[in-house]
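Shown below: final_19.txt, with compact mmCIF, C-alpha atoms.
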# COMPACT_ATOMS: atom_id res chain seq x y z
CA MET A 29 -33.90 -120.26 -9.01
CA GLY A 30 -35.89 -123.23 -7.87
CA VAL A 31 -39.14 -122.42 -9.66
CA ALA A 32 -40.98 -124.61 -12.13
CA LYS A 33 -40.60 -123.83 -15.81
CA ASP A 34 -44.16 -122.62 -16.10
CA ALA A 35 -44.28 -120.70 -12.83
CA PRO A 36 -46.24 -117.45 -12.89
CA GLN A 37 -44.38 -114.12 -12.81
CA ASP A 38 -45.29 -113.20 -9.25
CA GLU A 39 -44.00 -116.53 -7.98
CA ILE A 40 -40.73 -115.75 -9.69
CA LYS A 41 -40.62 -112.36 -8.00
CA ARG A 42 -41.36 -113.90 -4.60
CA SER A 43 -38.69 -116.53 -5.09
CA TYR A 44 -36.16 -113.90 -6.15
CA ARG A 45 -36.84 -111.71 -3.13
CA LYS A 46 -36.46 -114.66 -0.76
CA LEU A 47 -33.23 -115.82 -2.36
CA ALA A 48 -31.82 -112.30 -2.56
CA ARG A 49 -32.32 -111.87 1.17
CA LYS A 50 -30.84 -115.27 1.86
CA PHE A 51 -27.68 -114.80 -0.18
CA HIS A 52 -26.95 -111.11 0.11
CA PRO A 53 -23.28 -110.95 1.10
CA ASP A 54 -23.85 -108.40 3.88
CA VAL A 55 -26.50 -110.54 5.50
CA SER A 56 -25.85 -114.11 4.48
CA LYS A 57 -24.40 -116.86 6.61
CA GLU A 58 -23.97 -119.10 3.58
CA LYS A 59 -20.68 -120.00 1.98
CA ASN A 60 -20.13 -118.52 -1.48
CA ALA A 61 -22.91 -116.05 -0.78
CA GLU A 62 -21.57 -113.51 -3.22
CA SER A 63 -21.49 -115.82 -6.23
CA ARG A 64 -24.86 -117.33 -5.35
CA PHE A 65 -26.31 -113.84 -5.05
CA LYS A 66 -24.99 -112.92 -8.47
CA GLU A 67 -26.45 -116.10 -9.97
CA VAL A 68 -29.83 -115.39 -8.48
CA GLY A 69 -29.76 -111.81 -9.73
CA GLU A 70 -28.90 -112.85 -13.24
CA ALA A 71 -31.57 -115.51 -13.29
CA TYR A 72 -34.16 -113.03 -12.14
CA GLU A 73 -33.06 -110.40 -14.61
CA VAL A 74 -33.87 -112.84 -17.38
CA LEU A 75 -36.96 -114.45 -15.95
CA LYS A 76 -38.70 -111.30 -14.82
CA ASP A 77 -39.15 -110.10 -18.38
CA PRO A 78 -41.51 -112.39 -20.29
CA LYS A 79 -39.69 -111.75 -23.58
CA LYS A 80 -36.28 -112.58 -22.16
CA ARG A 81 -37.74 -115.52 -20.32
CA LYS A 82 -39.08 -116.97 -23.54
CA ALA A 83 -35.71 -116.53 -25.22
CA TYR A 84 -33.96 -118.23 -22.32
CA ASP A 85 -36.34 -121.16 -22.49
CA GLN A 86 -35.57 -121.49 -26.20
CA LEU A 87 -31.83 -121.31 -25.68
CA GLY A 88 -32.03 -124.12 -23.17
CA ASN A 89 -28.80 -125.90 -22.37
CA ASN A 90 -26.54 -123.48 -24.18
CA TRP A 91 -26.97 -121.05 -21.33
CA LYS A 92 -23.88 -121.81 -19.30
CA ALA A 93 -22.07 -119.03 -17.53
CA GLY A 94 -18.46 -118.64 -18.47
CA GLN A 95 -18.54 -121.00 -21.38
CA GLU A 96 -15.63 -120.13 -23.60
CA GLY A 97 -16.36 -118.98 -27.10
CA PHE A 98 -20.08 -118.77 -26.64
CA GLN A 99 -21.38 -116.53 -29.35
CA PRO A 100 -24.84 -115.07 -28.86
CA PRO A 101 -27.02 -115.80 -31.89
CA PRO A 102 -27.42 -112.86 -34.25
CA GLY A 103 -30.14 -110.47 -33.29
CA TRP A 104 -30.04 -111.67 -29.71
CA ASN A 105 -29.67 -108.18 -28.43
CA ALA A 106 -32.26 -106.75 -30.77
CA GLY A 107 -35.49 -105.76 -29.19
CA PHE A 108 -34.25 -106.13 -25.64
CA GLU A 109 -33.89 -102.98 -23.69
CA PHE A 110 -31.16 -102.83 -21.19
CA HIS A 111 -30.31 -100.22 -18.64
CA THR A 112 -28.41 -97.21 -19.80
CA GLY A 113 -24.66 -97.51 -19.98
CA GLY A 114 -24.75 -101.25 -19.59
CA PHE A 115 -24.89 -100.96 -15.82
CA THR A 116 -27.80 -101.06 -13.46
CA ASN A 117 -28.81 -97.58 -12.47
CA ASN A 118 -28.32 -97.35 -8.77
CA ALA A 119 -26.96 -95.17 -6.06
CA THR A 120 -23.42 -96.35 -6.33
CA GLY A 121 -23.39 -96.79 -10.09
CA THR A 122 -21.85 -100.22 -9.83
CA SER A 123 -22.65 -103.27 -11.85
CA GLN A 124 -24.15 -106.26 -10.17
CA PHE A 125 -23.96 -108.56 -13.15
CA SER A 126 -21.21 -110.95 -14.06
CA ASP A 127 -19.03 -110.35 -17.04
CA PHE A 128 -20.66 -113.13 -19.02
CA PHE A 129 -24.09 -111.68 -18.52
CA GLU A 130 -22.96 -108.27 -19.61
CA SER A 131 -21.48 -109.71 -22.75
CA LEU A 132 -24.97 -110.86 -23.69
CA PHE A 133 -27.04 -107.93 -22.60
CA GLY A 134 -24.64 -105.12 -22.01
CA ARG A 135 -24.09 -102.21 -24.23
CA ARG A 136 -20.81 -103.59 -25.37
CA ALA A 137 -22.37 -106.72 -26.81
CA GLY A 138 -23.13 -107.10 -30.49
CA ALA A 139 -21.90 -105.21 -33.48
CA ALA A 140 -24.74 -102.75 -33.65
CA ASP A 141 -23.06 -100.31 -31.29
CA VAL A 142 -22.37 -97.54 -33.73
CA HIS A 143 -22.58 -94.56 -31.42
CA ARG A 144 -20.42 -95.81 -28.65
CA THR A 145 -19.89 -92.85 -26.38
CA VAL A 146 -16.76 -92.73 -24.31
CA PHE A 147 -17.92 -93.55 -20.85
CA LYS A 148 -15.72 -92.40 -18.01
CA ALA A 149 -16.32 -93.75 -14.55
CA ARG A 150 -14.51 -94.63 -11.39
CA GLY A 151 -13.93 -98.36 -11.09
CA GLU A 152 -16.07 -100.52 -8.85
CA ASN A 153 -14.97 -101.08 -5.29
CA SER A 154 -14.28 -104.67 -4.44
CA HIS A 155 -14.73 -106.44 -1.14
CA ALA A 156 -13.12 -109.53 0.24
CA LYS A 157 -12.83 -111.32 3.54
CA VAL A 158 -9.34 -112.13 4.73
CA PHE A 159 -8.89 -114.95 7.23
CA ILE A 160 -6.05 -114.61 9.68
CA ASP A 161 -4.89 -116.41 12.79
CA LEU A 162 -4.97 -114.79 16.21
CA GLU A 163 -1.18 -114.76 16.23
CA ASP A 164 -1.25 -112.57 13.10
CA ALA A 165 -3.16 -109.93 15.02
CA TYR A 166 -0.47 -109.97 17.69
CA HIS A 167 2.49 -109.74 15.37
CA GLY A 168 1.17 -108.34 12.14
CA ALA A 169 1.47 -110.47 9.02
CA ALA A 170 1.56 -110.55 5.25
CA ARG A 171 -1.15 -112.27 3.30
CA SER A 172 -1.27 -113.32 -0.34
CA LEU A 173 -4.77 -112.82 -1.72
CA LYS A 174 -6.25 -114.18 -4.91
CA LEU A 175 -8.61 -111.58 -6.29
CA HIS A 176 -10.91 -111.45 -9.25
CA THR A 177 -11.35 -108.15 -10.98
CA THR A 178 -13.40 -107.26 -14.01
CA VAL A 179 -11.34 -105.85 -16.84
CA LEU A 180 -12.10 -105.07 -20.45
CA ASN A 181 -10.35 -107.29 -22.94
CA LYS A 182 -9.22 -106.29 -26.45
CA GLU A 183 -12.72 -106.49 -27.87
CA GLY A 184 -14.04 -104.33 -25.11
CA HIS A 185 -15.84 -107.20 -23.43
CA PRO A 186 -15.77 -107.50 -19.65
CA GLN A 187 -13.62 -110.35 -18.48
CA LEU A 188 -12.79 -111.77 -15.10
CA LYS A 189 -9.09 -111.57 -14.40
CA GLU A 190 -7.37 -113.27 -11.53
CA ARG A 191 -4.52 -111.54 -9.77
CA ILE A 192 -2.46 -112.04 -6.65
CA LEU A 193 -2.07 -109.20 -4.21
CA ASN A 194 0.28 -109.27 -1.25
CA VAL A 195 -1.22 -107.36 1.62
CA LYS A 196 0.17 -106.28 4.95
CA ILE A 197 -1.99 -107.14 7.92
CA PRO A 198 -1.08 -104.60 10.56
CA LYS A 199 -0.55 -105.49 14.19
CA GLY A 200 -3.54 -105.04 16.45
CA VAL A 201 -6.44 -105.66 14.09
CA LYS A 202 -9.58 -107.18 15.49
CA GLU A 203 -12.40 -109.23 14.03
CA GLY A 204 -14.72 -107.29 11.76
CA GLN A 205 -12.38 -104.39 11.09
CA ASN A 206 -11.92 -103.27 7.52
CA ILE A 207 -8.73 -102.37 5.70
CA ARG A 208 -9.08 -100.04 2.77
CA LEU A 209 -6.52 -100.36 -0.03
CA GLN A 210 -6.91 -97.38 -2.29
CA GLY A 211 -6.90 -98.05 -5.99
CA GLN A 212 -6.77 -101.82 -5.63
CA GLY A 213 -10.38 -102.40 -6.61
CA ASN A 214 -11.68 -102.76 -10.13
CA PRO A 215 -10.10 -100.61 -12.84
CA GLY A 216 -11.90 -97.47 -13.97
CA PHE A 217 -13.45 -96.86 -17.37
CA GLY A 218 -12.45 -94.36 -19.99
CA GLY A 219 -9.56 -93.18 -17.86
CA GLY A 220 -11.40 -93.09 -14.58
CA LYS A 221 -9.63 -93.99 -11.36
CA ALA A 222 -9.63 -97.54 -10.06
CA GLY A 223 -11.94 -98.34 -7.18
CA ASP A 224 -10.80 -99.36 -3.73
CA LEU A 225 -10.38 -102.78 -2.18
CA TYR A 226 -11.98 -103.36 1.20
CA LEU A 227 -10.76 -106.29 3.25
CA GLU A 228 -12.77 -107.52 6.22
CA ILE A 229 -10.72 -109.20 8.94
CA CYS A 230 -11.97 -112.61 10.07
CA PHE A 231 -10.22 -114.83 12.58
CA ASN A 232 -9.77 -118.52 12.03
CA PRO A 233 -11.08 -120.40 15.07
CA HIS A 234 -8.20 -121.13 17.41
CA ALA A 235 -7.63 -124.45 19.12
CA LEU A 236 -6.79 -122.81 22.44
CA TYR A 237 -8.01 -119.25 22.61
CA LYS A 238 -11.33 -117.48 22.31
CA VAL A 239 -11.50 -113.87 21.21
CA VAL A 240 -14.06 -111.16 21.89
CA GLY A 241 -12.97 -107.82 20.54
CA ARG A 242 -9.39 -107.45 21.73
CA ASP A 243 -9.80 -109.67 24.78
CA VAL A 244 -8.41 -113.17 24.52
CA SER A 245 -9.26 -115.97 26.88
CA LEU A 246 -7.86 -119.37 27.65
CA GLU A 247 -9.54 -122.16 29.56
CA LEU A 248 -6.96 -123.59 31.92
CA PRO A 249 -7.54 -127.02 33.46
CA ILE A 250 -6.03 -127.43 36.92
CA THR A 251 -5.88 -130.32 39.37
CA PRO A 252 -7.93 -130.34 42.56
CA TRP A 253 -4.76 -129.99 44.65
CA GLU A 254 -3.53 -127.06 42.55
CA ALA A 255 -6.87 -125.39 43.18
CA ALA A 256 -6.74 -126.21 46.87
CA LEU A 257 -3.14 -125.37 47.58
CA GLY A 258 -2.38 -122.87 44.85
CA GLY A 259 0.83 -123.00 42.89
CA LYS A 260 2.63 -122.04 39.71
CA VAL A 261 1.38 -123.17 36.33
CA GLN A 262 3.04 -122.47 33.00
CA ILE A 263 0.76 -121.15 30.28
CA SER A 264 1.40 -120.07 26.74
CA THR A 265 0.05 -116.88 25.25
CA PRO A 266 -0.56 -116.10 21.56
CA LEU A 267 2.78 -114.31 21.61
CA ALA A 268 4.28 -117.78 21.85
CA ASP A 269 5.92 -117.02 25.17
CA MET A 270 5.46 -119.05 28.32
CA ILE A 271 4.27 -117.29 31.42
CA ASP A 272 4.38 -118.52 34.99
CA LEU A 273 0.92 -118.07 36.34
CA LYS A 274 0.58 -117.96 40.12
CA ILE A 275 -2.65 -119.59 41.18
CA PRO A 276 -3.83 -118.50 44.60
CA PRO A 277 -4.93 -121.23 47.06
CA CYS A 278 -8.60 -122.12 47.45
CA ILE A 279 -9.55 -121.04 43.98
CA SER A 280 -12.85 -122.40 42.68
CA SER A 281 -13.78 -123.58 39.21
CA GLY A 282 -14.98 -120.83 36.91
CA LYS A 283 -12.85 -118.15 38.49
CA ARG A 284 -11.28 -115.81 35.97
CA MET A 285 -7.79 -114.40 36.27
CA ARG A 286 -6.79 -111.37 34.25
CA LEU A 287 -3.48 -110.41 32.72
CA LYS A 288 -4.00 -106.81 31.79
CA GLY A 289 -2.78 -105.64 28.42
CA ARG A 290 -1.83 -109.07 27.11
CA GLY A 291 -4.72 -109.30 24.70
CA ILE A 292 -4.52 -108.10 21.12
CA PRO A 293 -2.28 -105.03 20.99
CA GLY A 294 -3.60 -101.60 20.08
CA LYS A 295 -4.10 -98.10 21.41
CA THR A 296 -6.03 -99.73 24.20
CA PRO A 297 -4.72 -103.31 24.17
CA GLY A 298 -7.08 -106.05 25.16
CA ASP A 299 -6.67 -108.24 28.23
CA PHE A 300 -5.77 -111.90 28.51
CA TYR A 301 -8.15 -113.90 30.67
CA ILE A 302 -7.51 -117.31 32.16
CA GLN A 303 -10.60 -119.26 33.03
CA LEU A 304 -9.80 -121.88 35.67
CA LYS A 305 -11.43 -125.25 35.48
CA ILE A 306 -10.82 -127.93 38.08
CA VAL A 307 -10.50 -131.30 36.42
CA PHE A 308 -10.51 -134.81 37.93
CA PRO A 309 -8.98 -137.95 36.51
CA ASP A 310 -11.42 -140.48 35.07
CA SER A 311 -11.12 -142.73 38.05
CA LEU A 312 -9.45 -142.80 41.43
CA SER A 313 -7.33 -145.50 43.01
CA GLU A 314 -8.46 -147.01 46.30
CA LYS A 315 -5.77 -145.10 48.15
CA GLU A 316 -6.85 -141.82 46.55
CA LYS A 317 -10.46 -142.52 47.44
CA SER A 318 -9.59 -143.11 51.07
CA LEU A 319 -7.60 -139.89 51.16
CA TYR A 320 -10.56 -137.98 49.79
CA LYS A 321 -12.81 -139.62 52.35
CA ALA A 322 -10.46 -138.41 55.04
CA LEU A 323 -10.70 -134.92 53.60
CA GLN A 324 -14.45 -135.17 53.63
CA GLN A 325 -14.35 -135.95 57.36
CA GLU A 326 -12.01 -133.06 57.99
CA ALA A 327 -13.88 -130.43 55.96
CA GLY A 328 -17.41 -131.71 56.66
CA ASN A 329 -18.73 -128.31 57.72
CA PHE A 330 -18.19 -126.66 54.39
CA ASN A 331 -21.53 -126.43 52.57
CA PRO A 332 -21.41 -124.79 49.11
CA ARG A 333 -25.18 -125.27 48.67
CA ILE A 334 -26.23 -123.29 51.68
CA LYS A 335 -27.96 -120.61 49.64
CA LEU A 336 -30.00 -123.17 47.71
CA GLU A 337 -31.16 -124.81 50.91
CA ASP A 338 -32.09 -121.52 52.52
CA ASN A 339 -34.18 -120.61 49.51
CA HIS A 340 -35.98 -123.91 49.68
CA GLU A 341 -36.91 -123.43 53.32
CA LYS A 342 -38.52 -120.05 52.79
CA MET B 14 17.96 -119.27 -4.77
CA LYS B 15 16.36 -116.26 -6.36
CA ASN B 16 15.64 -113.41 -3.98
CA GLU B 17 12.32 -111.99 -4.99
CA ILE B 18 11.21 -108.66 -3.71
CA ILE B 19 7.54 -109.06 -2.97
CA LYS B 20 5.64 -105.82 -3.09
CA LEU B 21 3.52 -105.54 0.00
CA PHE B 22 0.47 -103.31 -0.12
CA SER B 23 -0.62 -101.56 3.02
CA GLY B 24 -3.97 -100.09 3.66
CA VAL B 25 -5.67 -98.08 6.33
CA VAL B 26 -7.58 -99.85 9.09
CA LEU B 27 -10.80 -97.87 8.84
CA GLU B 28 -12.03 -98.35 12.37
CA GLU B 29 -8.74 -97.08 13.77
CA GLN B 30 -8.80 -93.97 11.63
CA GLN B 31 -9.19 -90.81 13.64
CA ALA B 32 -11.62 -89.12 11.33
CA ILE B 33 -12.75 -89.17 7.73
CA SER B 34 -13.81 -85.99 6.02
CA LEU B 35 -17.18 -85.42 4.41
CA ALA B 36 -15.56 -85.11 1.01
CA GLU B 37 -13.66 -88.38 1.35
CA LEU B 38 -16.76 -90.19 2.55
CA CYS B 39 -18.73 -88.90 -0.42
CA GLN B 40 -16.04 -89.95 -2.83
CA CYS B 41 -15.59 -93.46 -1.46
CA CYS B 42 -19.32 -94.10 -1.45
CA ASN B 43 -20.01 -92.35 -4.74
CA LEU B 44 -22.53 -90.01 -3.16
CA ALA B 45 -23.33 -86.37 -3.52
CA THR B 46 -23.15 -84.24 -0.37
CA GLU B 47 -26.94 -83.94 -0.23
CA GLN B 48 -27.30 -87.71 -0.28
CA LEU B 49 -24.81 -88.07 2.56
CA ILE B 50 -26.70 -85.48 4.61
CA VAL B 51 -29.81 -87.63 4.19
CA MET B 52 -27.77 -90.49 5.68
CA VAL B 53 -26.88 -88.34 8.66
CA ASP B 54 -30.55 -87.41 9.07
CA HIS B 55 -31.39 -91.09 9.24
CA GLY B 56 -28.85 -91.55 11.97
CA ILE B 57 -26.67 -94.17 10.38
CA ILE B 58 -23.65 -91.93 10.86
CA GLU B 59 -23.04 -88.87 13.00
CA PRO B 60 -20.56 -86.06 12.49
CA LEU B 61 -17.94 -86.05 15.23
CA GLU B 62 -18.57 -82.35 15.89
CA THR B 63 -21.87 -80.64 15.27
CA ASN B 64 -20.89 -77.05 15.89
CA VAL B 65 -19.05 -76.73 12.58
CA THR B 66 -20.32 -76.02 9.10
CA ILE B 67 -21.39 -79.00 7.03
CA SER B 68 -18.36 -78.85 4.77
CA HIS B 69 -16.17 -79.30 7.84
CA TRP B 70 -17.99 -82.35 9.11
CA THR B 71 -15.83 -85.33 9.98
CA PHE B 72 -16.89 -88.86 10.78
CA SER B 73 -15.46 -91.81 12.66
CA GLY B 74 -13.50 -94.43 10.70
CA ASP B 75 -16.25 -97.04 10.78
CA SER B 76 -18.72 -94.72 9.04
CA LEU B 77 -17.46 -95.69 5.61
CA VAL B 78 -18.40 -99.33 5.86
CA ARG B 79 -21.77 -98.55 7.49
CA VAL B 80 -22.76 -96.25 4.65
CA GLN B 81 -21.58 -98.67 1.98
CA THR B 82 -23.48 -101.54 3.58
CA ALA B 83 -26.67 -99.47 3.80
CA LEU B 84 -26.34 -98.48 0.14
CA ARG B 85 -25.80 -102.06 -0.94
CA LEU B 86 -28.81 -103.30 1.01
CA GLN B 87 -30.95 -100.54 -0.46
CA ARG B 88 -29.89 -101.31 -3.98
CA ASP B 89 -29.83 -105.08 -3.84
CA LEU B 90 -32.80 -105.84 -1.63
CA ASP B 91 -35.04 -102.99 -2.74
CA ILE B 92 -35.51 -101.53 0.73
CA ASN B 93 -35.77 -97.91 1.69
CA LEU B 94 -33.05 -96.08 3.59
CA ALA B 95 -34.80 -96.27 6.96
CA GLY B 96 -34.99 -100.04 6.58
CA ALA B 97 -31.38 -100.26 5.50
CA VAL B 98 -30.28 -98.24 8.54
CA LEU B 99 -32.18 -100.56 10.86
CA ALA B 100 -30.65 -103.56 9.11
CA VAL B 101 -27.12 -102.21 9.59
CA GLU B 102 -27.73 -101.63 13.29
CA LEU B 103 -29.17 -105.11 13.72
CA LEU B 104 -26.29 -106.65 11.80
CA ASP B 105 -23.85 -104.96 14.18
CA GLU B 106 -25.70 -106.38 17.14
CA ILE B 107 -25.79 -109.84 15.57
CA LYS B 108 -22.04 -109.74 14.94
CA GLU B 109 -21.35 -108.93 18.55
CA LEU B 110 -23.76 -111.54 19.84
CA ARG B 111 -22.22 -114.20 17.60
CA GLN B 112 -18.80 -113.43 19.03
CA ARG B 113 -20.10 -113.73 22.57
CA VAL B 114 -21.88 -117.00 21.83
CA ALA B 115 -18.74 -118.45 20.30
CA PHE B 116 -16.90 -117.37 23.44
CA LEU B 117 -19.43 -118.95 25.78
CA LYS B 118 -19.64 -122.16 23.80
CA ARG B 119 -16.42 -123.50 25.28
CA GLU B 120 -16.24 -127.26 25.14
Kindly return the structure encoded in the file as structure tokens.
Amino acid sequence: MGVAKDAPQDEIKRSYRKLARKFHPDVSKEKNAESRFKEVGEAYEVLKDPKKRKAYDQLGNNWKAGQEGFQPPPGWNAGFEFHTGGFTNNATGTSQFSDFFESLFGRRAGAADVHRTVFKARGENSHAKVFIDLEDAYHGAARSLKLHTTVLNKEGHPQLKERILNVKIPKGVKEGQNIRLQGQGNPGFGGGKAGDLYLEICFNPHALYKVVGRDVSLELPITPWEAALGGKVQISTPLADMIDLKIPPCISSGKRMRLKGRGIPGKTPGDFYIQLKIVFPDSLSEKEKSLYKALQQEAGNFNPRIKLEDNHEK
Amino acid sequence: MKNEIIKLFSGVVLEEQQAISLAELCQCCNLATEQLIVMVDHGIIEPLETNVTISHWTFSGDSLVRVQTALRLQRDLDINLAGAVLAVELLDEIKELRQRVAFLKRE
């Protein structure tokens, strides 16, 4: 948690609060936010209680999450109170602690659990982000996801199980939308139903296109003579088709052309925008330069900065 | 070559859903009706029609994720509901702004 071994309790609390805000999956910009958040929570759960903190300090290096075959020393659970039912009491009744942690402190740990009541509850919901390409939103796609769910093994200890789930990404999804897969979350307890799986759609950055909502835009470089004279340019869209785009003459840099309805499909499909950008070669030949100079003579009256000059004179 | 039949799971795109009932919202978020009404009072979600009885309230598809996010923030960051509601609204705004910035940041 980044605090010194002898740090006072309120410093630990401050540090926890700061880290919790930083790594909370709903808020965090960090990679692996969810696992970091869990780590921080577990660390705090131990350190905030002076008794547990002392025990942790004594255990030292043996405290390694996920270490196979780690047996808590006898009496480890004795004298430590944990929340009822082995889960944190909260509005949604879900557990925020990793399986390893629960095996140490949870109700299911240790042999002293004589009156084990049958505990029936709906399984935890799980959340994941699914990264797709823009083309997937146009066509729909299938995605193979690796998920981790918490299940109870033979001894009744929580265990992280990996499974692969093949999911259909429907056509027309946009960034930030959520797909709910009923019953694909964590399994229930004591016969309770499984929770749901929520997938948040995220787009991989695209080499060519930018996306805002359902609108897709492409920056199209054109030559000075194409801009001056107009013409036909071939462009590709995310549908992988080639379109002939008719550029009107005398079109300036920064002008946007719109192809209605060619954005991401949907009830109201988005639009496809083409942002024109006039581009020059790195250098001009002598002949080209003289031609441009001739143009300059011919079009000398055209002043694009007239507004700026007027403003200056006021 | 073995032809495997891969089972493909489909879900519902929440934001495209026409409406979600009060009962379904309560069930998915593990909330009692009273608790959900408190959420409505705080303005994080709004019933699509107000001139019906509470049991007939329906909500837009994106309500589910908003409520779940607010509950998670409340639980994990020890903030009250009003704070969580504000956080959800700000997060929405941030998401949209980030998209626009990425759009404007063309090389």
TODO: Quote the spacing between atom CA of Cys39 of chain B and atom CA of Leu77 of chain B in Å to one decimal place.
DONE: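 Interatomic distance here is 9.2 Å.
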Open item on the list: Could you list, as an MDAnalysis selection string, every residue within 8 Å of Asp89 of chain B, counting only C-alpha atoms and ignoring same-chain residues fewer than 2 positions away?
Closed with: (chainID A and resid 48 52) or (chainID B and resid 85:87 91)
Task: Interatomic distance, atom CA of Leu236 of chain A to atom CA of Cys278 of chain A (Å, one decimal) - done: 25.1 Å
Open item on the list: Within 7 Å of chain B, which residues belong to chain A? Use only C-alpha atoms and report them as a ChimeraX atom specification.
Closed with: /A:48-49,54,118,120,194-196,205-209,238-240
Task: Atom-to-atom span, atom CA of Gly216 of chain A and atom CA of Lys59 of chain A, Å - done: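 So the two atoms, atom CA of Gly216 of chain A and atom CA of Lys59 of chain A, lie 29.0 Å apart.
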TODO: List the neighbours of Ala71 of chain A out to 7 Å using all atoms listed in the file; skip same-chain residues closer than 4 positions along the sequence, and give me the result as a list of chain:residue names.
DONE: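 Answer for this query is A:Met29, A:Glu67, A:Leu75.
For Pro36 of chain A, the list of residues within 12 Å, based on all atoms listed in the file and with local chain neighbours fewer than 5 positions off taken out, reads Val31, Lys41, Arg42, Ser43, Leu75, Lys76, Asp77, Pro78 and Arg81 of chain A.
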Task: Surrounding residues of Ile197 of chain A excluding itself and chain neighbours under 3 positions, 7 Å, only C-alpha atoms, as a list in words - done: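 Using only C-alpha atoms, the neighbours found are Gly168, Ala169, Ala170 and Arg171 of chain A.
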Task: Selection as number ranges by chain: residues within 8 Å of (-4.7, -114.0, -10.3), counting only C-alpha atoms - done: A: 174-176, 189-192
Could those residues be written to a file, using C-alpha atoms, as a PDB file, in the coordinates of the input?
ATOM      1  CA  LYS A 174      -6.250-114.180  -4.910  1.00  0.00           C
ATOM      2  CA  LEU A 175      -8.610-111.580  -6.290  1.00  0.00           C
ATOM      3  CA  HIS A 176     -10.910-111.450  -9.250  1.00  0.00           C
ATOM      4  CA  LYS A 189      -9.090-111.570 -14.400  1.00  0.00           C
ATOM      5  CA  GLU A 190      -7.370-113.270 -11.530  1.00  0.00           C
ATOM      6  CA  ARG A 191      -4.520-111.540  -9.770  1.00  0.00           C
ATOM      7  CA  ILE A 192      -2.460-112.040  -6.650  1.00  0.00           C
TER       8      ILE A 192
END
- [ ] Name the residues in contact with segment 255-264 of chain A at a cut-off of 6 Å, using only C-alpha atoms, excluding same-chain residues fewer than 4 positions from it; report them as a ChimeraX atom specification.
- [x] /A:269-279
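Here the question is which of A:Lys148, A:Lys33, A:Arg45, A:His167 gets nearest to Ile92 of chain B using only C-alpha atoms, and that residue is A:Arg45.
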- [ ] Considering only C-alpha atoms, state which residue in the set A:Asn339, A:Ser245, A:Ser318, A:Ser311 is at the smallest distance from Arg284 of chain A.
- [x]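 Among the listed residues, A:Ser245 lies closest to Arg284 of chain A.
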